[in-house]
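Asks: Before I ask anything, let me first share the structure, which is written out below as C-alpha cells.
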Amino acid sequence: MWRFETDPSMPVFLHAPARGGETDAIDIRRLPLATVVVSNAAGTHQVMVADGVRRLRFAVIGGDVLGGAIRLLYPLPAKGKGGAGLDGVRRLLALRDTGRLPAAAAGVRGRPLRWLAALRAFDARQRGASQREIACLLFGAARVSEDWTSQSAYMRMRIQRLVRSSQHLVAGGYRRVFGLLPAGPIGAAAITVWRSPAWAAATCP
C-alpha cells in the first residue's frame, strides 16, 4: 500500500453516512472478496480488494469505513488532472452490483508494470545476467534474436535504462515513487489494519 497522492489511477472518495435502505450504499466489511483496510490517525483509509489476480485500490477520507453501510462521494478531478481514477470508480460499481471485479482499463497499470520490469532486471543483474540475458527474460528469446543486433539499438538502450532505473529504485528512490516519508523513527502517523476473513483465507495456508 502506498499514498494515494502518488497514484492518479486510484480513486479518492469522501465518506458520507448512509440511511437504511439506500441502494447506493456499500458495506466494506461485507464485500464478497478478500479485502484489507489500512487507516491512519488523520482519518484516511486505503482499501484493497482482491479478486484472484485482479486488484482494486481506493481511498476514503473521513468517517468510519468499517462502521456499516456508507455512501462514497467522488469529487470530480481538478482541471488538468485527467480522469484516470474514473476506471476505479467503474470497477467499484461493478463490484458493488455483481460481487466481482472487472478488468482494469488498458494503460492504467503502465507505471507499475515498468517498476516490475525494472526490479526483475535488477534481480537478474545481481545474479550475473548480461544485458542480453535480461532482455530475453523480459521480452523472450525470439524477439531478442530479431531486435538485439538491429541498427537502431533501441532494445539495448531500453535494457540499460531499466537497469539504471532499478538501481535508483533499490537505492531509495522507491520512497519517492510511493510517496513515503524519509526513513526515520516512527512518529504520529500510526496506522491500523483490518483484514476480512476472506483475505486471511486467501493468504494463509
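By order of appearance in the C-alpha cells: chains A, B, ..., then residues from 1 within every chain, and ligands from 1 in the order shown.
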Hey, what's within 12 Å of Gly63 of chain A if we count only C-alpha atoms and toss same-chain stuff fewer than 2 positions away? As a list of chain:residue names, please?
Replies: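 Residues meeting the cut-off are A:Phe13, A:Leu14, A:His15, A:Ala16, A:Pro17, A:Ala18, A:Ser39, A:Asn40, A:Ala41, A:Ala42, A:Gly43, A:Thr44, A:His45, A:Ala59, A:Val60, A:Ile61, A:Val65, A:Leu66, A:Gly67, A:Gly68, A:Ala69, A:Ile70, A:Arg71, A:Leu72.
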Asks: Using only C-alpha atoms, pick whichever of A:Leu116, A:Arg96, A:Pro77, A:Arg156 has the shortest atom-to-atom distance to Asp24 of chain A.
Replies: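 Smallest distance to Asp24 of chain A is found for A:Arg96.
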Asks: Give me, as number ranges by chain, the residues of segment 10-204 of chain A that a backbone DSSP run labels helix (DSSP H, G or I).
Replies: A: 28-30, 86-98, 110-126, 131-139, 141-147, 154-177, 197-203
Asks: So which residues of segment 12-197 of chain A fall under strand (DSSP E) by DSSP, listed as JSON, numbers by chain?
Replies: {"A": [12, 13, 14, 15, 16, 17, 34, 35, 36, 37, 38, 39, 40, 44, 45, 46, 47, 48, 49, 50, 51, 54, 55, 56, 57, 58, 59, 60, 61, 70, 71, 72, 73, 191, 192, 193, 194, 195]}
Asks: For the contact check between segment 17-118 of chain A and segment 157-177 of chain A, emit one row per residue of segment 17-118 of chain A within 9 Å, containing the shortest atom pair and the distance in Å rounded to one decimal, counting only C-alpha atoms, chain then rising number order, as a Markdown table.
Replies:
```
| residue | atom | partner | partner_atom | distance |
| --- | --- | --- | --- | --- |
| A:Arg114 | CA | A:Leu162 | CA | 8.3 |
| A:Trp115 | CA | A:Ser166 | CA | 7.8 |
| A:Ala117 | CA | A:Leu162 | CA | 7.3 |
| A:Ala118 | CA | A:Ser166 | CA | 4.8 |
```
Asks: Generate the output file for the selected residues, N, CA and C atoms, as a compact mmCIF listing (two decimals), in the first residue's frame.
Replies:
```txt
# COMPACT_ATOMS: atom_id res chain seq x y z
N ARG A 114 6.15 -1.08 -15.41
CA ARG A 114 7.53 -0.64 -15.65
C ARG A 114 8.38 -0.84 -14.41
N TRP A 115 7.81 -0.54 -13.23
CA TRP A 115 8.56 -0.76 -11.99
C TRP A 115 8.89 -2.24 -11.82
N ALA A 117 9.23 -4.50 -14.19
CA ALA A 117 10.27 -4.87 -15.14
C ALA A 117 11.64 -4.41 -14.64
N ALA A 118 11.70 -3.20 -14.06
CA ALA A 118 12.97 -2.70 -13.55
C ALA A 118 13.50 -3.58 -12.42
```
Asks: What does the structure give for the distance between atom CA of Pro11 of chain A and atom CA of Leu86 of chain A, in Å to one decimal?
Replies: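 Between atom CA of Pro11 of chain A and atom CA of Leu86 of chain A the gap is 6.8 Å.
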Asks: Quick one: pull the distance between atom CA of Ala201 of chain A and atom CA of Asp64 of chain A, Å, one decimal.
Replies: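 Straight-line distance from atom CA of Ala201 of chain A to atom CA of Asp64 of chain A works out to 24.4 Å.
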Asks: Do a neighbour search on Leu33 of chain A at 7 Å with only C-alpha atoms, toss out local chain neighbours closer than 6 positions, and write the hits as a compact mmCIF listing (two decimals) with N, CA and C atoms, in the first residue's frame.
Replies:
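What ended up in around_2.txt:
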```
# COMPACT_ATOMS: atom_id res chain seq x y z
N VAL A 49 -9.05 -4.52 -2.57
CA VAL A 49 -9.92 -5.66 -2.77
C VAL A 49 -9.27 -6.57 -3.80
N ALA A 50 -9.20 -7.87 -3.51
CA ALA A 50 -8.56 -8.83 -4.39
C ALA A 50 -9.58 -9.82 -4.93
N ASP A 51 -9.53 -10.02 -6.25
CA ASP A 51 -10.38 -10.99 -6.93
C ASP A 51 -9.48 -11.83 -7.81
N ALA A 198 -12.09 -13.38 4.35
CA ALA A 198 -11.73 -13.88 3.02
C ALA A 198 -10.28 -13.55 2.68
```
Asks: Between A:Met155, A:Val38, A:Ala104, A:Val193, single out the one closest to Leu92 of chain A, counting only C-alpha atoms.
Replies: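 Ranking A:Met155, A:Val38, A:Ala104, A:Val193 by distance to Leu92 of chain A, first place goes to A:Ala104.
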Asks: Pick out the closest residue to Ser9 of chain A from this set: A:Leu101, A:Ile191, A:Met48, A:Val89. Count only C-alpha atoms.
Replies: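 Closest residue, counting only C-alpha atoms: A:Val89.
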Asks: Quick check, in Å to one decimal: how far apart do atom CA of Leu95 of chain A and atom CA of Leu56 of chain A lie?
Replies: 9.5 Å
Asks: Residues within 12 Å of segment 141-147 of chain A, please, as a list in words. Count only C-alpha atoms; anything in the same chain fewer than 3 positions from it doesn't count.
Replies: Gln131, Arg132, Glu133, Ile134, Ala135, Cys136, Leu137, Leu138, Ser150, Gln151, Ser152, Ala153, Tyr154, Met155, Arg156, Met157, Arg158 and Ile159 of chain A
